[in-house]
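Asks: What follows is coords-v3.tsv, made up of TSV, C-alpha atoms:
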chain	number	residue	atom	x	y	z
A	1	MET	CA	86.43	181.21	108.48
A	2	ARG	CA	86.76	178.88	111.40
A	3	TYR	CA	83.47	177.17	110.50
A	4	PHE	CA	84.73	176.77	106.93
A	5	TYR	CA	87.77	174.76	108.12
A	6	ILE	CA	85.60	172.59	110.35
A	7	ALA	CA	83.23	171.88	107.46
A	8	ALA	CA	86.18	171.06	105.16
A	9	LEU	CA	87.63	168.64	107.70
A	10	ALA	CA	84.25	166.97	108.06
A	11	VAL	CA	84.02	166.47	104.27
A	12	VAL	CA	87.54	164.99	104.16
A	13	PHE	CA	86.66	162.65	107.04
A	14	VAL	CA	83.53	161.41	105.21
A	15	ILE	CA	85.53	160.83	102.00
A	16	LEU	CA	88.14	158.77	103.93
A	17	ILE	CA	85.40	156.60	105.43
A	18	VAL	CA	83.92	155.93	101.98
A	19	ILE	CA	87.33	155.02	100.53
A	20	TYR	CA	88.04	152.67	103.48
A	21	LYS	CA	84.73	150.83	103.02
A	22	GLU	CA	85.26	150.46	99.27
A	23	ASN	CA	88.75	149.06	99.78
A	24	SER	CA	87.42	146.65	102.38
A	25	LEU	CA	84.79	145.39	99.98
A	26	LEU	CA	87.36	144.99	97.22
A	27	THR	CA	89.67	143.08	99.53
A	28	ASN	CA	86.95	140.64	100.55
A	29	SER	CA	85.91	140.19	96.94
A	30	THR	CA	89.50	139.51	95.93
A	31	LYS	CA	89.86	136.92	98.68
A	32	GLU	CA	86.77	135.08	97.45
A	33	GLU	CA	87.99	135.22	93.84
A	34	ASN	CA	91.39	133.89	94.86
A	35	LYS	CA	89.73	131.10	96.81
A	36	GLU	CA	87.69	130.11	93.78
A	37	MET	CA	90.77	130.26	91.56
A	38	LEU	CA	92.66	128.06	93.99
A	39	LEU	CA	89.94	125.44	94.10
A	40	SER	CA	89.52	125.55	90.32
A	41	ASP	CA	93.13	124.41	90.00
A	42	TYR	CA	92.15	121.08	91.50
A	43	LEU	CA	90.43	118.61	89.23
A	44	SER	CA	89.10	115.14	89.98
A	45	THR	CA	90.86	112.25	88.23
A	46	ASP	CA	89.06	109.16	87.02
A	47	ASP	CA	89.77	107.49	90.40
A	48	GLY	CA	88.41	110.26	92.57
A	49	LYS	CA	91.94	111.40	93.47
A	50	MET	CA	92.50	115.12	93.50
A	51	LYS	CA	95.24	116.77	91.51
A	52	ASN	CA	96.25	120.25	90.52
A	53	LYS	CA	97.14	121.19	86.96
A	54	ASN	CA	100.65	119.85	87.57
A	55	GLY	CA	99.28	116.56	88.84
A	56	ASP	CA	100.47	117.25	92.37
A	57	ILE	CA	98.14	115.81	94.99
A	58	ASP	CA	100.33	117.00	97.85
A	59	SER	CA	99.67	120.64	96.90
A	60	ALA	CA	95.96	120.34	97.68
A	61	PRO	CA	94.64	123.31	99.66
A	62	ILE	CA	95.42	122.95	103.36
A	63	LYS	CA	92.44	122.71	105.69
A	64	ASN	CA	92.97	121.63	109.28
A	65	SER	CA	89.32	121.12	110.23
A	66	ILE	CA	85.87	120.77	108.75
A	67	ASP	CA	83.71	123.88	108.71
A	68	LYS	CA	79.93	124.24	109.10
A	69	GLY	CA	79.68	122.31	112.36
A	70	GLU	CA	80.84	118.98	110.94
A	71	GLN	CA	83.18	116.61	112.77
A	72	SER	CA	86.70	117.77	113.45
A	73	GLN	CA	89.63	115.99	111.83
A	74	GLU	CA	90.47	114.56	115.25
A	75	ASP	CA	87.03	112.92	115.42
A	76	LEU	CA	87.33	111.66	111.87
A	77	ALA	CA	90.67	109.99	112.49
A	78	LYS	CA	89.20	107.30	114.78
A	79	ASP	CA	92.67	106.10	115.78
A	80	LYS	CA	92.80	102.71	117.46
A	81	PRO	CA	95.56	102.94	120.07
A	82	TRP	CA	95.48	99.20	120.86
A	83	GLU	CA	98.62	98.77	118.77
A	84	SER	CA	101.60	100.55	120.35
A	85	TYR	CA	104.66	100.32	118.13
A	86	THR	CA	108.13	100.13	119.64
A	87	GLU	CA	111.00	102.08	118.12
A	88	GLU	CA	112.32	98.84	116.61
A	89	GLN	CA	108.97	98.07	115.01
A	90	LEU	CA	108.75	101.58	113.56
A	91	ASP	CA	112.14	101.02	111.91
A	92	ASP	CA	111.05	97.71	110.35
A	93	VAL	CA	110.49	97.95	106.58
A	94	LEU	CA	107.58	95.52	107.02
A	95	LEU	CA	105.76	98.01	109.25
A	96	LEU	CA	102.03	97.65	108.66
A	97	VAL	CA	100.00	100.87	108.47
A	98	ASN	CA	96.38	100.72	107.38
A	99	LYS	CA	92.87	101.68	108.52
A	100	GLU	CA	93.25	99.64	111.71
A	101	ARG	CA	96.91	100.30	112.55
A	102	ASN	CA	98.17	103.83	112.93
A	103	LEU	CA	101.46	105.63	113.49
A	104	PRO	CA	102.12	108.03	116.39
A	105	LYS	CA	101.27	111.63	115.59
A	106	ASP	CA	104.85	112.72	116.25
A	107	TYR	CA	106.49	109.93	114.22
A	108	VAL	CA	109.01	111.20	111.67
A	109	PRO	CA	111.54	108.72	110.20
A	110	SER	CA	115.07	109.62	111.31
A	111	ASP	CA	116.77	108.68	108.04
A	112	LEU	CA	114.79	110.60	105.42
A	113	VAL	CA	116.80	111.42	102.28
A	114	GLU	CA	116.01	112.55	98.76
A	115	PRO	CA	116.46	109.81	96.14
A	116	ASN	CA	118.31	110.82	93.00
A	117	VAL	CA	115.39	110.26	90.64
A	118	PRO	CA	113.37	112.63	88.42
A	119	PHE	CA	110.33	114.48	89.77
A	120	PRO	CA	107.84	116.44	87.61
A	121	PHE	CA	108.26	119.53	89.80
A	122	ILE	CA	111.26	121.64	90.83
A	123	GLU	CA	110.13	122.76	94.32
A	124	ASP	CA	112.07	121.50	97.32
A	125	LEU	CA	109.18	119.72	99.06
A	126	PRO	CA	109.07	117.01	101.76
A	127	GLN	CA	107.29	114.71	99.31
A	128	ARG	CA	110.68	114.16	97.63
A	129	LEU	CA	111.90	112.25	100.67
A	130	MET	CA	112.05	108.57	101.59
A	131	ARG	CA	113.82	106.51	104.18
A	132	GLN	CA	117.39	105.84	103.09
A	133	GLU	CA	117.07	102.13	102.33
A	134	ALA	CA	113.91	102.70	100.31
A	135	ALA	CA	115.46	105.69	98.51
A	136	GLU	CA	118.50	103.66	97.45
A	137	ALA	CA	116.24	100.87	96.18
A	138	LEU	CA	114.15	103.42	94.26
A	139	GLU	CA	117.29	104.76	92.60
A	140	ASP	CA	118.15	101.24	91.41
A	141	LEU	CA	114.61	100.76	90.11
A	142	PHE	CA	114.68	104.05	88.22
A	143	GLU	CA	118.11	103.31	86.78
A	144	LYS	CA	116.86	100.03	85.31
A	145	ALA	CA	113.69	101.69	84.03
A	146	ASN	CA	115.83	104.32	82.32
A	147	ASP	CA	118.00	101.60	80.78
A	148	ASP	CA	114.80	100.11	79.38
A	149	ASN	CA	113.94	103.49	77.78
A	150	LEU	CA	111.05	104.29	80.09
A	151	ASN	CA	110.01	107.76	81.29
A	152	LEU	CA	109.29	107.12	84.95
A	153	TYR	CA	108.86	109.95	87.48
A	154	ALA	CA	108.50	110.01	91.26
A	155	GLN	CA	105.56	112.14	92.42
A	156	SER	CA	104.92	111.81	96.14
A	157	GLY	CA	106.92	110.20	98.95
A	158	TYR	CA	107.06	111.20	102.61
A	159	ARG	CA	104.11	113.04	104.08
A	160	SER	CA	103.83	114.29	107.66
A	161	TYR	CA	100.91	113.60	110.01
A	162	GLU	CA	99.85	117.25	109.78
A	163	ARG	CA	99.99	117.27	105.99
A	164	GLN	CA	97.89	114.11	105.78
A	165	GLU	CA	95.42	115.63	108.22
A	166	SER	CA	94.98	118.61	105.90
A	167	ILE	CA	94.66	116.49	102.77
A	168	PHE	CA	92.06	114.16	104.26
A	169	ALA	CA	90.03	117.09	105.58
A	170	TYR	CA	90.07	118.62	102.11
A	171	TYR	CA	88.74	115.39	100.55
A	172	VAL	CA	86.04	115.10	103.21
A	173	GLU	CA	84.87	118.66	102.62
A	174	ARG	CA	84.79	118.13	98.87
A	175	SER	CA	83.40	114.58	98.59
A	176	GLY	CA	82.19	113.45	102.01
A	177	GLU	CA	83.84	111.10	104.48
A	178	GLU	CA	82.80	107.85	102.79
A	179	LYS	CA	84.27	108.80	99.42
A	180	ALA	CA	87.33	110.38	101.01
A	181	SER	CA	88.14	107.21	102.96
A	182	GLN	CA	88.27	105.20	99.73
A	183	VAL	CA	90.99	107.33	98.18
A	184	SER	CA	92.81	108.88	101.13
A	185	ALA	CA	93.93	107.90	104.62
A	186	ASN	CA	93.18	109.51	107.95
A	187	ALA	CA	96.15	111.19	109.56
A	188	GLY	CA	98.36	108.58	111.20
A	189	HIS	CA	97.04	105.85	108.90
A	190	SER	CA	98.94	106.88	105.77
A	191	GLU	CA	101.84	104.82	104.43
A	192	HIS	CA	103.43	108.02	103.24
A	193	GLN	CA	104.21	108.92	106.85
A	194	THR	CA	106.44	105.81	107.07
A	195	GLY	CA	108.81	107.18	104.42
A	196	LEU	CA	108.61	103.79	102.69
A	197	ALA	CA	106.08	104.71	99.99
A	198	MET	CA	106.44	106.58	96.71
A	199	ASP	CA	103.79	107.37	94.12
A	200	VAL	CA	105.16	107.14	90.58
A	201	THR	CA	103.83	108.42	87.28
A	202	SER	CA	104.79	109.21	83.67
A	203	PRO	CA	104.34	111.89	80.99
A	204	GLU	CA	101.88	109.63	79.16
A	205	VAL	CA	99.30	110.27	81.88
A	206	ASN	CA	100.38	113.92	82.25
A	207	PHE	CA	102.12	113.08	85.56
A	208	GLN	CA	98.77	112.31	87.17
A	209	LEU	CA	98.06	109.52	89.64
A	210	VAL	CA	95.34	107.65	87.78
A	211	THR	CA	94.40	104.01	87.20
A	212	SER	CA	95.13	104.41	83.48
A	213	PHE	CA	98.81	104.48	84.50
A	214	GLU	CA	98.62	100.66	84.51
A	215	ASP	CA	98.13	100.71	80.72
A	216	THR	CA	101.27	102.76	80.04
A	217	PRO	CA	104.65	101.12	79.31
A	218	GLU	CA	105.86	102.49	82.65
A	219	GLY	CA	102.88	101.08	84.52
A	220	GLN	CA	103.29	97.66	82.95
A	221	TRP	CA	107.01	97.68	83.70
A	222	ILE	CA	106.40	98.64	87.34
A	223	LYS	CA	103.89	95.82	87.75
A	224	GLU	CA	106.34	93.24	86.39
A	225	ASN	CA	109.62	94.51	87.82
A	226	ALA	CA	109.06	96.44	91.05
A	227	ALA	CA	109.49	93.34	93.24
A	228	GLN	CA	113.05	92.85	91.98
A	229	PHE	CA	113.95	96.04	93.82
A	230	GLY	CA	111.96	95.34	96.99
A	231	PHE	CA	108.77	97.21	96.09
A	232	ILE	CA	105.15	96.07	95.86
A	233	ILE	CA	102.03	97.70	94.47
A	234	ARG	CA	100.54	98.28	97.90
A	235	TYR	CA	96.89	98.52	96.85
A	236	PRO	CA	96.37	95.90	94.11
A	237	LYS	CA	93.31	95.32	91.98
A	238	ASP	CA	90.44	93.29	93.45
A	239	LYS	CA	91.90	93.47	96.97
A	240	GLU	CA	89.94	96.49	98.16
A	241	LYS	CA	88.13	94.57	100.90
A	242	ILE	CA	91.48	93.63	102.44
A	243	THR	CA	93.46	96.85	101.99
A	244	GLY	CA	90.51	99.21	102.44
A	245	TYR	CA	91.53	101.27	99.41
A	246	GLN	CA	90.80	101.22	95.72
A	247	TYR	CA	93.34	99.97	93.20
A	248	GLU	CA	96.38	102.26	92.92
A	249	PRO	CA	98.88	101.06	90.30
A	250	TRP	CA	101.10	104.07	91.05
A	251	HIS	CA	101.56	103.50	94.81
A	252	LEU	CA	104.83	101.68	95.52
A	253	ARG	CA	105.73	100.46	98.99
A	254	PHE	CA	109.20	99.25	99.94
A	255	VAL	CA	109.21	95.98	101.92
A	256	GLY	CA	112.56	94.43	100.96
A	257	LYS	CA	113.42	92.04	98.13
A	258	GLU	CA	112.48	88.70	99.70
A	259	PRO	CA	109.03	89.75	100.98
A	260	ALA	CA	108.35	91.60	97.72
A	261	LYS	CA	109.19	88.47	95.70
A	262	VAL	CA	106.75	86.33	97.72
A	263	ILE	CA	104.01	88.97	97.68
A	264	TYR	CA	104.35	89.44	93.90
A	265	GLU	CA	104.55	85.75	92.97
A	266	GLN	CA	101.64	84.73	95.21
A	267	GLY	CA	99.47	87.75	94.46
A	268	LEU	CA	99.22	88.81	98.10
A	269	THR	CA	98.64	92.07	99.90
A	270	LEU	CA	100.92	93.16	102.73
A	271	GLU	CA	98.11	92.30	105.15
A	272	GLU	CA	97.90	88.74	103.78
A	273	TYR	CA	101.67	88.30	103.83
A	274	LEU	CA	101.86	89.37	107.49
A	275	GLY	CA	98.77	87.38	108.47
A	276	PHE	CA	96.50	90.36	109.17
A	277	GLU	CA	93.76	89.78	106.63
Write out the structure in this file as structure tokens.

Replies:
Amino acid sequence: MRYFYIAALAVVFVILIVIYKENSLLTNSTKEENKEMLLSDYLSTDDGKMKNKNGDIDSAPIKNSIDKGEQSQEDLAKDKPWESYTEEQLDDVLLLVNKERNLPKDYVPSDLVEPNVPFPFIEDLPQRLMRQEAAEALEDLFEKANDDNLNLYAQSGYRSYERQESIFAYYVERSGEEKASQVSANAGHSEHQTGLAMDVTSPEVNFQLVTSFEDTPEGQWIKENAAQFGFIIRYPKDKEKITGYQYEPWHLRFVGKEPAKVIYEQGLTLEEYLGFE
């Protein structure tokens, strides 16, 4: 009888091991399926930008480093510390951030607020935020656009250093560093970290950030009227060699009304206006 109980316990033990292994396999399989489902939610736009099915670039999968022995994000950043901004310079709305000039890793604007404008998503995300002066100007711009019967939406404002690091790493893994650098900034080199930039869109382009936005009534209106409110199209057409980025008709940057007026009327980039061509 005693041997019977021992044999029974042995059988139960073997069954438990089999069940554990099967569950482990199922769990790993599920993880891979979920990973594929997550990546399938992100589609390439006609500019090489990445979006999910809601058009939200900022929701791209987070990845802090490159796998498979490639360079780390820290190596990819290639920050040039020759330019050390003072606190006063960081507060200046004419702050220049590009491929050569970067922000400190720990820089977070102290006056971030959420502008009272429509967004195509309901989540309470940091990308709703802008610096106060820029947010107030954006509200005025949206109010006028609404008066002119336009359907303008804000899509992506403030973005932290860490968030930009993840986004750029994701682009590099998907498209390679050369392609990624044409459509996205290294961490510390993104205007979104300044809190002075906002990407805008409209229902006509399904809330995406695509070059075809320029052909919509909203895109045309932005091009002709943004300067009145202190905004410029930061990455204009045919200025890629100066800005380092492809044309982005959706990317607004607040610089103040007087600079925006000069930049718009003379067809300049921010680099040209500040003398850093």

Asks: Given all atoms listed in the file as the basis, pick out the residue of A:Gln193, A:Thr269, A:Asn206, A:Asn98 nearest to A:Phe231.

Replies: A:Thr269

Asks: With only C-alpha atoms as the atoms that count, which of A:Phe121, A:Pro115, A:Ile222, A:Thr194 lies nearest to A:Asp148?

Replies: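 Of the candidates, the smallest distance to A:Asp148 is held by A:Ile222.
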
Asks: Interatomic distance between atom CA of A:Arg174 and atom CA of A:Arg101?

Replies: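 Rounded to one decimal, the two atoms are 25.5 Å apart.
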
Asks: Closest to A:Ile122 among A:Ser175, A:Lys99, A:Val262, A:Gln155, using all atoms listed in the file?

Replies: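 Between A:Ser175, A:Lys99, A:Val262, A:Gln155, the residue approaching A:Ile122 most closely is A:Gln155.
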
Asks: For each of A:Thr86, A:Asn116, A:Thr243, A:Asn102, take the minimum atom-to-atom distance to A:Gln182, counting all atoms listed in the file, then give the residue where this is smallest.

Replies: A:Thr243

Asks: Report, in Å to a single decimal, how far apart atom CA of A:Tyr264 and atom CA of A:Ile242 are.

Replies: 16.0 Å
